[in-house]
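Data block for query.csv (CSV, C-alpha atoms):
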chain,number,residue,atom,x,y,z
H,1,MET,CA,0.0,0.0,0.0
H,2,THR,CA,1.4,3.4,-1.1
H,3,VAL,CA,1.2,6.1,1.5
H,4,ALA,CA,0.3,9.5,0.1
H,5,ILE,CA,0.6,11.5,3.3
H,6,SER,CA,2.4,10.7,6.5
H,7,LEU,CA,2.5,12.8,9.7
H,8,SER,CA,4.6,12.0,12.7
H,9,GLY,CA,4.5,13.9,16.0
H,10,LEU,CA,3.2,17.0,14.3
H,11,SER,CA,2.7,20.1,16.4
H,12,LYS,CA,2.0,23.7,15.6
H,13,ARG,CA,2.5,26.6,18.1
H,14,PHE,CA,1.4,30.2,17.5
H,15,ARG,CA,2.5,33.2,19.6
H,16,ILE,CA,-0.4,35.5,20.4
H,17,PRO,CA,0.6,39.1,21.4
H,18,LEU,CA,-1.0,40.3,24.6
H,19,ASP,CA,-0.4,44.0,23.9
H,20,ARG,CA,0.0,46.4,20.9
H,21,SER,CA,3.8,46.5,21.1
H,22,THR,CA,4.0,44.9,17.6
H,23,SER,CA,2.9,48.2,16.0
H,24,LEU,CA,5.5,50.9,15.0
H,25,LYS,CA,3.4,53.6,16.6
H,26,TYR,CA,3.3,51.8,19.9
H,27,ARG,CA,7.0,51.1,19.9
H,28,VAL,CA,7.8,54.8,19.2
H,29,ALA,CA,5.5,56.0,22.0
H,30,HIS,CA,6.7,53.3,24.4
H,31,PRO,CA,10.5,52.7,23.7
H,32,ARG,CA,11.1,50.7,26.9
H,33,SER,CA,8.1,48.4,26.4
H,34,SER,CA,8.7,44.7,25.8
H,35,SER,CA,6.3,42.5,23.9
H,36,ARG,CA,4.2,40.0,25.9
H,37,TYR,CA,2.9,36.8,24.3
H,38,ARG,CA,0.9,33.7,25.1
H,39,ASP,CA,1.4,30.4,23.3
H,40,LEU,CA,-1.4,28.8,21.5
H,41,LEU,CA,-0.8,25.1,20.7
H,42,ALA,CA,-3.1,24.6,17.7
H,43,LEU,CA,-1.9,21.0,17.0
H,44,LYS,CA,-0.5,18.6,19.6
H,45,ASP,CA,1.6,15.6,18.6
H,46,VAL,CA,-0.5,14.5,15.7
H,47,SER,CA,0.4,11.3,13.9
H,48,PHE,CA,-1.4,9.4,11.1
H,49,GLU,CA,-1.0,8.2,7.5
H,50,VAL,CA,-3.3,8.6,4.5
H,51,PRO,CA,-3.0,5.8,1.9
H,52,ASP,CA,-3.0,6.7,-1.7
H,53,GLY,CA,-6.5,7.0,-3.1
H,54,GLN,CA,-8.3,7.4,0.3
H,55,PHE,CA,-11.1,9.9,0.8
H,56,LEU,CA,-10.5,11.2,4.4
H,57,GLY,CA,-12.8,13.5,6.3
H,58,ILE,CA,-11.6,15.7,9.1
H,59,ILE,CA,-14.2,16.9,11.6
H,60,GLY,CA,-14.3,18.7,14.9
H,61,HIS,CA,-15.5,21.9,16.6
H,62,ASN,CA,-14.3,25.4,15.4
H,63,GLY,CA,-10.8,26.0,16.7
H,64,SER,CA,-9.9,22.3,17.0
H,65,GLY,CA,-7.0,22.6,14.6
H,66,LYS,CA,-8.5,21.2,11.3
H,67,SER,CA,-7.7,24.2,9.1
H,68,THR,CA,-4.2,24.6,10.6
H,69,LEU,CA,-3.5,21.0,9.7
H,70,LEU,CA,-4.6,21.6,6.0
H,71,LYS,CA,-2.4,24.7,5.8
H,72,ILE,CA,0.6,22.7,7.0
H,73,LEU,CA,-0.1,20.1,4.4
H,74,ALA,CA,-0.4,22.8,1.8
H,75,ARG,CA,3.0,24.2,3.0
H,76,ILE,CA,1.4,27.5,4.0
H,77,TYR,CA,2.5,26.9,7.6
H,78,ALA,CA,5.6,25.2,8.8
H,79,PRO,CA,5.2,22.8,11.7
H,80,SER,CA,6.7,23.7,15.0
H,81,ALA,CA,7.6,20.1,15.7
H,82,GLY,CA,7.3,16.7,14.0
H,83,SER,CA,7.5,15.8,10.3
H,84,VAL,CA,5.3,15.7,7.2
H,85,SER,CA,5.9,13.6,4.2
H,86,ILE,CA,3.7,14.0,1.0
H,87,GLN,CA,4.0,11.9,-2.1
H,88,GLY,CA,2.3,13.6,-5.0
H,89,HIS,CA,1.2,16.9,-6.4
H,90,VAL,CA,-1.1,18.8,-3.9
H,91,SER,CA,-4.0,21.1,-4.9
H,92,PRO,CA,-5.3,23.1,-1.9
H,93,PHE,CA,-8.9,24.3,-1.9
H,94,LEU,CA,-8.4,26.5,1.1
H,95,GLU,CA,-8.9,30.2,0.2
H,96,LEU,CA,-11.2,30.1,-2.8
H,97,GLY,CA,-10.8,33.3,-4.9
H,98,VAL,CA,-7.3,34.2,-3.8
H,99,GLY,CA,-5.9,36.2,-6.7
H,100,PHE,CA,-9.3,37.6,-7.9
H,101,HIS,CA,-9.4,41.2,-8.9
H,102,SER,CA,-12.7,43.1,-8.5
H,103,GLU,CA,-12.1,45.4,-11.4
H,104,LEU,CA,-11.6,42.6,-13.9
H,105,SER,CA,-14.3,40.6,-15.6
H,106,ALA,CA,-15.1,37.0,-14.8
H,107,ARG,CA,-13.3,35.9,-18.0
H,108,GLU,CA,-10.2,37.8,-17.1
H,109,ASN,CA,-10.3,36.5,-13.5
H,110,VAL,CA,-10.4,32.9,-14.9
H,111,TYR,CA,-6.9,33.5,-16.4
H,112,LEU,CA,-5.6,35.4,-13.4
H,113,ASN,CA,-6.8,32.9,-10.8
H,114,GLY,CA,-5.9,29.9,-13.0
H,115,ALA,CA,-2.4,31.2,-13.3
H,116,VAL,CA,-2.1,31.4,-9.5
H,117,LEU,CA,-3.2,27.7,-9.3
H,118,GLY,CA,-0.5,26.8,-11.9
H,119,LEU,CA,-2.7,26.3,-15.0
H,120,THR,CA,-1.3,27.5,-18.4
H,121,ARG,CA,-3.1,30.1,-20.5
H,122,ARG,CA,-3.7,27.4,-23.2
H,123,GLU,CA,-5.3,25.1,-20.7
H,124,LEU,CA,-7.5,27.9,-19.4
H,125,ARG,CA,-8.5,29.0,-22.9
H,126,THR,CA,-9.7,25.5,-23.8
H,127,ARG,CA,-11.6,25.1,-20.6
H,128,LEU,CA,-13.1,28.6,-20.3
H,129,ASP,CA,-16.6,27.6,-21.5
H,130,ASP,CA,-16.7,24.6,-19.1
H,131,ILE,CA,-15.5,26.8,-16.2
H,132,ILE,CA,-18.1,29.5,-16.8
H,133,GLY,CA,-20.8,27.0,-17.5
H,134,PHE,CA,-20.2,25.0,-14.3
H,135,ALA,CA,-20.3,28.3,-12.3
H,136,GLU,CA,-23.6,29.1,-14.0
H,137,LEU,CA,-22.2,32.5,-15.0
H,138,ASP,CA,-22.7,32.4,-18.8
H,139,SER,CA,-24.7,35.7,-18.8
H,140,PHE,CA,-22.1,37.4,-16.7
H,141,VAL,CA,-18.8,36.3,-18.2
H,142,ASP,CA,-17.8,39.9,-19.2
H,143,GLN,CA,-19.2,41.6,-16.1
H,144,LYS,CA,-16.7,43.0,-13.5
H,145,LEU,CA,-16.3,40.9,-10.5
H,146,LYS,CA,-17.2,43.8,-8.2
H,147,ASN,CA,-20.8,43.5,-9.4
H,148,PHE,CA,-21.0,39.8,-8.4
H,149,SER,CA,-22.6,38.5,-5.3
H,150,SER,CA,-20.3,36.7,-2.9
H,151,GLY,CA,-22.0,33.4,-3.9
H,152,MET,CA,-21.3,34.0,-7.6
H,153,GLN,CA,-17.6,34.8,-6.8
H,154,VAL,CA,-17.2,31.6,-4.8
H,155,ARG,CA,-18.9,29.5,-7.5
H,156,LEU,CA,-16.4,30.9,-10.1
H,157,ALA,CA,-13.4,30.2,-7.8
H,158,PHE,CA,-14.5,26.6,-7.2
H,159,SER,CA,-15.1,26.1,-10.9
H,160,ILE,CA,-11.5,27.2,-11.6
H,161,ALA,CA,-10.0,25.2,-8.7
H,162,ILE,CA,-11.4,21.9,-9.9
H,163,GLN,CA,-9.5,22.2,-13.2
H,164,VAL,CA,-6.2,21.5,-11.4
H,165,ASN,CA,-5.1,17.9,-12.1
H,166,ALA,CA,-3.6,16.9,-8.8
H,167,SER,CA,-3.3,13.5,-7.1
H,168,ILE,CA,-3.9,15.0,-3.6
H,169,LEU,CA,-6.7,17.4,-3.0
H,170,LEU,CA,-7.1,19.5,0.2
H,171,MET,CA,-10.6,20.9,0.7
H,172,ASP,CA,-11.6,23.2,3.5
H,173,GLU,CA,-15.4,23.8,3.9
H,174,VAL,CA,-16.0,23.8,0.1
H,175,LEU,CA,-19.5,22.5,0.8
H,176,ALA,CA,-20.4,26.0,1.8
H,177,VAL,CA,-20.2,27.0,-1.8
H,178,GLY,CA,-23.3,28.4,-3.5
H,179,ASP,CA,-26.9,27.3,-3.1
H,180,ALA,CA,-28.4,23.8,-2.8
H,181,SER,CA,-28.4,23.1,-6.5
H,182,PHE,CA,-24.7,24.1,-6.9
H,183,GLN,CA,-23.8,22.1,-3.8
H,184,GLU,CA,-25.2,19.0,-5.6
H,185,LYS,CA,-22.8,19.7,-8.5
H,186,CYS,CA,-20.0,19.9,-5.9
H,187,PHE,CA,-21.1,16.5,-4.6
H,188,GLU,CA,-20.9,15.1,-8.2
H,189,VAL,CA,-17.3,16.4,-8.3
H,190,PHE,CA,-16.5,14.5,-5.1
H,191,ALA,CA,-18.0,11.4,-6.5
H,192,ARG,CA,-15.8,11.7,-9.6
H,193,TYR,CA,-12.7,12.3,-7.5
H,194,LYS,CA,-13.5,9.1,-5.6
H,195,ARG,CA,-14.0,7.1,-8.8
H,196,GLU,CA,-10.7,8.4,-10.2
H,197,GLY,CA,-8.9,7.2,-7.0
H,198,ARG,CA,-7.6,10.6,-6.0
H,199,THR,CA,-6.4,11.2,-2.4
H,200,VAL,CA,-8.8,13.7,-0.9
H,201,ILE,CA,-8.8,15.3,2.6
H,202,LEU,CA,-12.0,17.1,3.3
H,203,VAL,CA,-12.5,19.4,6.3
H,204,THR,CA,-16.2,20.1,6.9
H,205,HIS,CA,-19.0,20.4,9.4
H,206,ASP,CA,-21.3,18.5,7.1
H,207,LEU,CA,-21.3,15.1,8.8
H,208,GLY,CA,-23.7,13.8,6.1
H,209,ALA,CA,-21.1,14.4,3.4
H,210,VAL,CA,-18.5,12.6,5.5
H,211,ASP,CA,-20.8,9.6,5.8
H,212,ARG,CA,-21.6,9.7,2.1
H,213,TYR,CA,-18.2,10.1,0.6
H,214,CYS,CA,-15.4,9.5,3.1
H,215,ASP,CA,-13.8,6.1,3.6
H,216,ARG,CA,-12.4,7.2,6.9
H,217,ALA,CA,-12.7,10.1,9.3
H,218,ILE,CA,-10.6,11.7,12.0
H,219,LEU,CA,-12.0,13.8,14.8
H,220,PHE,CA,-10.0,16.6,16.3
H,221,ASP,CA,-10.6,18.4,19.6
H,222,ARG,CA,-8.4,21.2,21.0
H,223,GLY,CA,-5.6,20.3,18.6
H,224,GLU,CA,-5.5,16.6,19.5
H,225,LEU,CA,-6.5,13.6,17.4
H,226,VAL,CA,-9.2,12.0,19.6
H,227,LYS,CA,-10.7,9.4,17.2
H,228,ASP,CA,-9.7,7.8,13.9
H,229,GLY,CA,-11.7,5.1,12.1
H,230,ALA,CA,-14.5,4.3,9.6
H,231,SER,CA,-16.4,7.5,8.7
H,232,GLY,CA,-19.8,6.3,10.2
H,233,GLU,CA,-18.1,5.2,13.4
H,234,VAL,CA,-16.3,8.6,13.9
H,235,THR,CA,-19.3,10.8,12.9
H,236,GLY,CA,-21.6,8.8,15.2
H,237,TYR,CA,-19.2,9.3,18.1
H,238,TYR,CA,-19.0,13.1,17.3
H,239,ARG,CA,-22.8,13.4,17.1
H,240,GLN,CA,-23.1,11.9,20.5
H,241,THR,CA,-20.4,14.1,21.9
H,242,VAL,CA,-22.1,17.2,20.5
H,243,GLY,CA,-25.4,16.1,21.9
H,244,HIS,CA,-23.9,15.5,25.4
H,245,ARG,CA,-22.3,19.0,25.4
H,246,SER,CA,-25.6,20.6,24.3
H,247,ASP,CA,-27.5,19.0,27.1
H,248,VAL,CA,-24.9,19.9,29.6
H,249,ASP,CA,-24.8,23.5,28.4
H,250,GLY,CA,-28.6,23.8,28.8
H,251,ARG,CA,-31.6,24.0,26.6
H,252,GLU,CA,-31.5,26.7,23.9
H,253,ARG,CA,-34.7,28.7,23.1
H,254,THR,CA,-34.9,30.8,20.0
H,255,ALA,CA,-38.4,32.1,19.2
H,256,VAL,CA,-38.3,33.2,15.6
H,257,ASN,CA,-41.8,34.7,15.8
H,258,ARG,CA,-44.6,34.8,18.4
H,259,TRP,CA,-48.1,36.1,18.5
H,260,GLY,CA,-51.6,35.5,19.8
H,261,SER,CA,-54.4,36.9,21.9
H,262,GLY,CA,-52.7,35.9,25.1
H,263,GLU,CA,-55.7,34.1,26.7
H,264,ALA,CA,-53.5,31.1,27.0
H,265,GLU,CA,-49.7,31.2,27.2
H,266,ILE,CA,-47.1,28.6,26.4
H,267,THR,CA,-44.8,28.7,29.4
H,268,ASP,CA,-42.3,25.9,28.5
H,269,VAL,CA,-41.7,23.1,26.0
H,270,LEU,CA,-39.6,20.1,27.0
H,271,TYR,CA,-38.3,17.1,25.1
H,272,LEU,CA,-38.3,14.0,27.4
H,273,ASN,CA,-36.5,10.7,26.9
H,274,ASP,CA,-38.0,7.4,27.9
H,275,ALA,CA,-36.9,7.9,31.5
H,276,GLY,CA,-38.7,11.3,31.6
H,277,VAL,CA,-35.5,13.3,31.6
H,278,ALA,CA,-35.4,16.5,29.6
H,279,GLN,CA,-32.8,16.7,26.8
H,280,THR,CA,-32.4,18.1,23.4
H,281,MET,CA,-30.4,15.3,21.7
H,282,PHE,CA,-32.1,12.1,20.6
H,283,SER,CA,-31.1,9.0,18.6
H,284,SER,CA,-33.1,7.8,15.6
H,285,GLY,CA,-35.5,5.2,16.6
H,286,SER,CA,-35.6,6.2,20.3
H,287,PRO,CA,-38.8,7.4,22.1
H,288,MET,CA,-39.4,11.1,22.5
H,289,THR,CA,-42.1,12.9,24.3
H,290,VAL,CA,-42.9,16.6,23.6
H,291,GLN,CA,-44.3,18.2,26.7
H,292,ILE,CA,-46.1,21.6,26.4
H,293,HIS,CA,-46.8,23.6,29.6
H,294,TYR,CA,-49.3,26.4,29.4
H,295,ARG,CA,-51.0,28.9,31.7
H,296,VAL,CA,-54.6,30.2,31.3
H,297,HIS,CA,-55.2,34.0,31.3
H,298,GLY,CA,-58.8,34.2,30.0
H,299,GLU,CA,-62.1,32.4,29.8
H,300,LEU,CA,-61.5,29.6,27.3
H,301,GLN,CA,-63.7,26.9,25.7
H,302,ARG,CA,-62.3,23.8,24.2
H,303,MET,CA,-58.7,24.3,23.1
H,304,VAL,CA,-56.5,22.7,20.4
H,305,CYS,CA,-52.7,22.2,20.6
H,306,GLY,CA,-50.9,21.9,17.3
H,307,LEU,CA,-47.3,21.1,16.6
H,308,ALA,CA,-45.2,21.5,13.4
H,309,PHE,CA,-41.8,19.8,13.1
H,310,HIS,CA,-39.4,21.6,10.9
H,311,ARG,CA,-36.0,20.8,9.4
H,312,SER,CA,-33.3,23.3,10.1
H,313,ASP,CA,-34.0,25.1,6.8
H,314,GLY,CA,-37.7,25.6,7.7
H,315,LEU,CA,-39.2,22.7,5.7
H,316,ASN,CA,-42.4,21.5,7.5
H,317,LEU,CA,-42.1,17.8,8.1
H,318,ALA,CA,-45.2,17.0,10.1
H,319,GLY,CA,-48.1,18.8,11.8
H,320,PRO,CA,-49.9,16.7,14.4
H,321,ASN,CA,-52.6,18.3,16.6
H,322,THR,CA,-54.9,17.2,19.4
H,323,LEU,CA,-58.0,17.7,17.3
H,324,SER,CA,-57.0,15.1,14.7
H,325,GLY,CA,-55.5,13.0,17.5
H,326,ARG,CA,-59.0,13.0,19.2
H,327,THR,CA,-57.6,14.4,22.4
H,328,PRO,CA,-59.9,17.3,23.6
H,329,ILE,CA,-58.4,19.9,25.9
H,330,THR,CA,-60.8,21.6,28.3
H,331,PRO,CA,-58.6,24.3,30.0
H,332,PRO,CA,-58.9,25.0,33.7
H,333,GLY,CA,-59.9,28.4,35.0
H,334,ILE,CA,-58.1,31.7,34.8
H,335,GLY,CA,-54.7,31.5,36.5
H,336,SER,CA,-54.5,27.7,36.3
H,337,THR,CA,-51.9,25.7,34.4
H,338,GLY,CA,-52.0,22.6,32.3
H,339,THR,CA,-49.8,20.2,30.3
H,340,VAL,CA,-50.2,18.6,26.9
H,341,SER,CA,-47.9,15.7,25.8
H,342,TYR,CA,-47.2,14.2,22.4
H,343,ARG,CA,-45.3,10.9,22.5
H,344,ILE,CA,-43.3,9.4,19.6
H,345,GLU,CA,-42.6,5.8,20.3
H,346,SER,CA,-39.8,5.5,17.7
H,347,LEU,CA,-38.4,8.7,16.3
H,348,PRO,CA,-38.2,8.4,12.5
H,349,LEU,CA,-36.0,11.4,11.9
H,350,LEU,CA,-32.4,10.9,10.8
H,351,THR,CA,-29.4,13.0,11.6
H,352,GLY,CA,-30.0,16.7,11.6
H,353,GLY,CA,-31.1,19.8,13.4
H,354,TYR,CA,-34.8,20.4,13.8
H,355,THR,CA,-37.2,23.0,15.4
H,356,LEU,CA,-40.7,22.9,16.7
H,357,THR,CA,-43.6,25.3,16.2
H,358,VAL,CA,-46.3,25.2,19.0
H,359,ASN,CA,-49.7,26.7,18.6
H,360,LEU,CA,-52.5,26.9,21.1
H,361,TYR,CA,-55.8,27.9,19.5
H,362,PRO,CA,-59.6,27.6,20.0
H,363,GLN,CA,-61.3,24.6,18.3
H,364,PHE,CA,-63.8,27.0,16.8
H,365,GLY,CA,-62.1,30.2,15.8
H,366,GLU,CA,-59.2,31.6,13.7
H,367,GLU,CA,-57.0,33.6,16.1
H,368,SER,CA,-54.4,31.8,18.1
H,369,TYR,CA,-54.1,32.1,21.9
H,370,ASP,CA,-50.3,31.7,21.6
H,371,TYR,CA,-48.2,30.8,18.6
H,372,VAL,CA,-44.5,30.3,18.9
H,373,GLU,CA,-42.9,29.7,15.5
H,374,GLN,CA,-39.8,27.5,15.3
H,375,GLY,CA,-38.8,28.4,18.8
H,376,PHE,CA,-37.7,25.0,20.3
H,377,PRO,CA,-34.7,23.4,18.6
H,378,PHE,CA,-33.5,19.8,19.1
H,379,ARG,CA,-31.1,17.5,17.3
H,380,VAL,CA,-31.3,13.9,16.1
H,381,THR,CA,-28.4,11.6,15.5
H,382,ASP,CA,-28.3,8.3,13.6
H,383,ASP,CA,-25.4,6.1,14.7
H,384,ILE,CA,-25.7,4.1,11.5
H,385,GLY,CA,-25.2,7.2,9.4
H,386,ARG,CA,-28.1,6.5,7.0
H,387,PRO,CA,-28.6,9.1,4.3
H,388,GLY,CA,-31.9,11.0,3.9
H,389,LEU,CA,-34.3,12.6,6.2
H,390,VAL,CA,-36.5,9.9,7.7
H,391,ASP,CA,-36.4,6.2,8.4
H,392,LEU,CA,-39.3,4.7,6.5
H,393,GLY,CA,-39.4,1.7,8.7
H,394,GLY,CA,-39.3,-0.8,5.8
H,395,ARG,CA,-37.8,-4.3,6.0
H,396,TRP,CA,-35.6,-5.9,3.4
H,397,SER,CA,-35.9,-9.4,2.2
H,398,ALA,CA,-34.2,-11.4,-0.6
H,399,SER,CA,-34.7,-14.7,-2.2
H,400,GLN,CA,-33.0,-16.8,-4.9
H,401,ALA,CA,-34.7,-19.0,-7.4
H,402,SER,CA,-33.4,-22.5,-7.5
H,403,ASN,CA,-32.0,-23.8,-10.8
Show how you would write the structure in this file as structure tokens.
Amino acid sequence: MTVAISLSGLSKRFRIPLDRSTSLKYRVAHPRSSSRYRDLLALKDVSFEVPDGQFLGIIGHNGSGKSTLLKILARIYAPSAGSVSIQGHVSPFLELGVGFHSELSARENVYLNGAVLGLTRRELRTRLDDIIGFAELDSFVDQKLKNFSSGMQVRLAFSIAIQVNASILLMDEVLAVGDASFQEKCFEVFARYKREGRTVILVTHDLGAVDRYCDRAILFDRGELVKDGASGEVTGYYRQTVGHRSDVDGRERTAVNRWGSGEAEITDVLYLNDAGVAQTMFSSGSPMTVQIHYRVHGELQRMVCGLAFHRSDGLNLAGPNTLSGRTPITPPGIGSTGTVSYRIESLPLLTGGYTLTVNLYPQFGEESYDYVEQGFPFRVTDDIGRPGLVDLGGRWSASQASN
């Protein structure tokens, strides 16, 4: 097995100034001042190998050392300790758009940025139409870059960068490129790289992409390599770690919008596990109970409680309510409190962030008593790493006909 990248005892230390003595103005005004620094150890004794042709995902919290590692592999930073060995030509997708000039057109920037990446003018001339077409900028090819949106500029930069024919590709958060349709085109590029057997190191917060494309994943935390293994195993461990930290840190509440007559008030919404303990992180297939607490401020007749489960982008996934569930609510008198619960025996949602809308409203009438839109977030993890949005609950079977 050929090794494309090998790291041994790699560490990177930065010196962070604690005062302004690094500026000329400060030094002139304070000639006797000495600089004070603190050390930041961004990477700590990191060792691993990447075989030729492997698709490796690197994940972890912001500030865990992922991007620092890529910049060392791209030879932008020199390590403070340890060694790095790279066998093959490296193409870094780290700072998309470096070398762009805002006063030049998209066409001119293709040649400028392509030259920075090592492409010849002849290569760029023959690929110009493909670059512009992939970036979806055919109608803007002769427009100055300063008139482009940030998304258009990044699409152009990505389209140029994928023209580089390198055996080792370093990608830092390229999945943030463009809108959903353009991201699908990026996924197709990843699939092609994998078929071609290129060595790819992908730094991303998109755990679904790691599950989908990466053969292996590495988790960093505070500059240290804490887990290395099959992508589904490592992302599952990370999801559980994130969920634990979220529950320890407390429940987050972000009411996007709220309105209503105020005759009934939603005072709290809890997500309970099977033991009745409140948490905001659940595993696919586990039980979950949504518990809505309310207080009555006016004379009410029969009341309905409605829920709407949303994906993180706002897509409405389901909308159960007590009316269709044949659970009538007769509120107590003014000043009293009540609770409504909705139990899901086996949570069908797969990995992702979700929010809940809660609505208290009269059975006969149009105005809500209290409506809180997407104000109660929770997360779901699927340890298996299945793609998609929900588990359909189907069962596979297979048979073979005898000869």
Counting all atoms listed in the file, which residue out of H:Pro348, H:Gln374, H:Leu270, H:Ala106 sits closest to Phe140 of chain H?
H:Ala106
Please compute the atom CA of Leu225 of chain H-atom CA of Arg198 of chain H distance, one decimal, in Å.
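Those two atoms sit 23.6 Å apart.
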Given the choices H:Leu104, H:Val116, H:Val84, H:Val164, which gets closest to Leu145 of chain H if the distance is worked out from only C-alpha atoms?
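Looking at the shortest contact to Leu145 of chain H, the residue is H:Leu104.
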Applying 6 Å and all atoms listed in the file, which residues near Ser80 of chain H remain after dropping the ones on its own chain fewer than 5 positions away? List them as a list in words.
Ser11, Lys12 and Arg13 of chain H
For Leu170 of chain H, please output as a PDB file with C-alpha atoms, in the coordinates of the input all residues within 7 Å (counting all atoms listed in the file; exclusion window: fewer than 3 positions along the same chain).
ATOM      1  CA  LEU H  70      -4.600  21.600   6.000  1.00  0.00           C
ATOM      2  CA  SER H  91      -4.000  21.100  -4.900  1.00  0.00           C
ATOM      3  CA  PRO H  92      -5.300  23.100  -1.900  1.00  0.00           C
ATOM      4  CA  PHE H  93      -8.900  24.300  -1.900  1.00  0.00           C
ATOM      5  CA  VAL H 200      -8.800  13.700  -0.900  1.00  0.00           C
ATOM      6  CA  ILE H 201      -8.800  15.300   2.600  1.00  0.00           C
ATOM      7  CA  LEU H 202     -12.000  17.100   3.300  1.00  0.00           C
TER       8      LEU H 202
END
Gap from atom CA of Thr357 of chain H to atom CA of Leu307 of chain H - Å, one decimal:
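So the answer is 5.6 Å.
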Atom pair atom CA of Glu224 of chain H / atom CA of Val46 of chain H: separation (Å)
6.6 Å
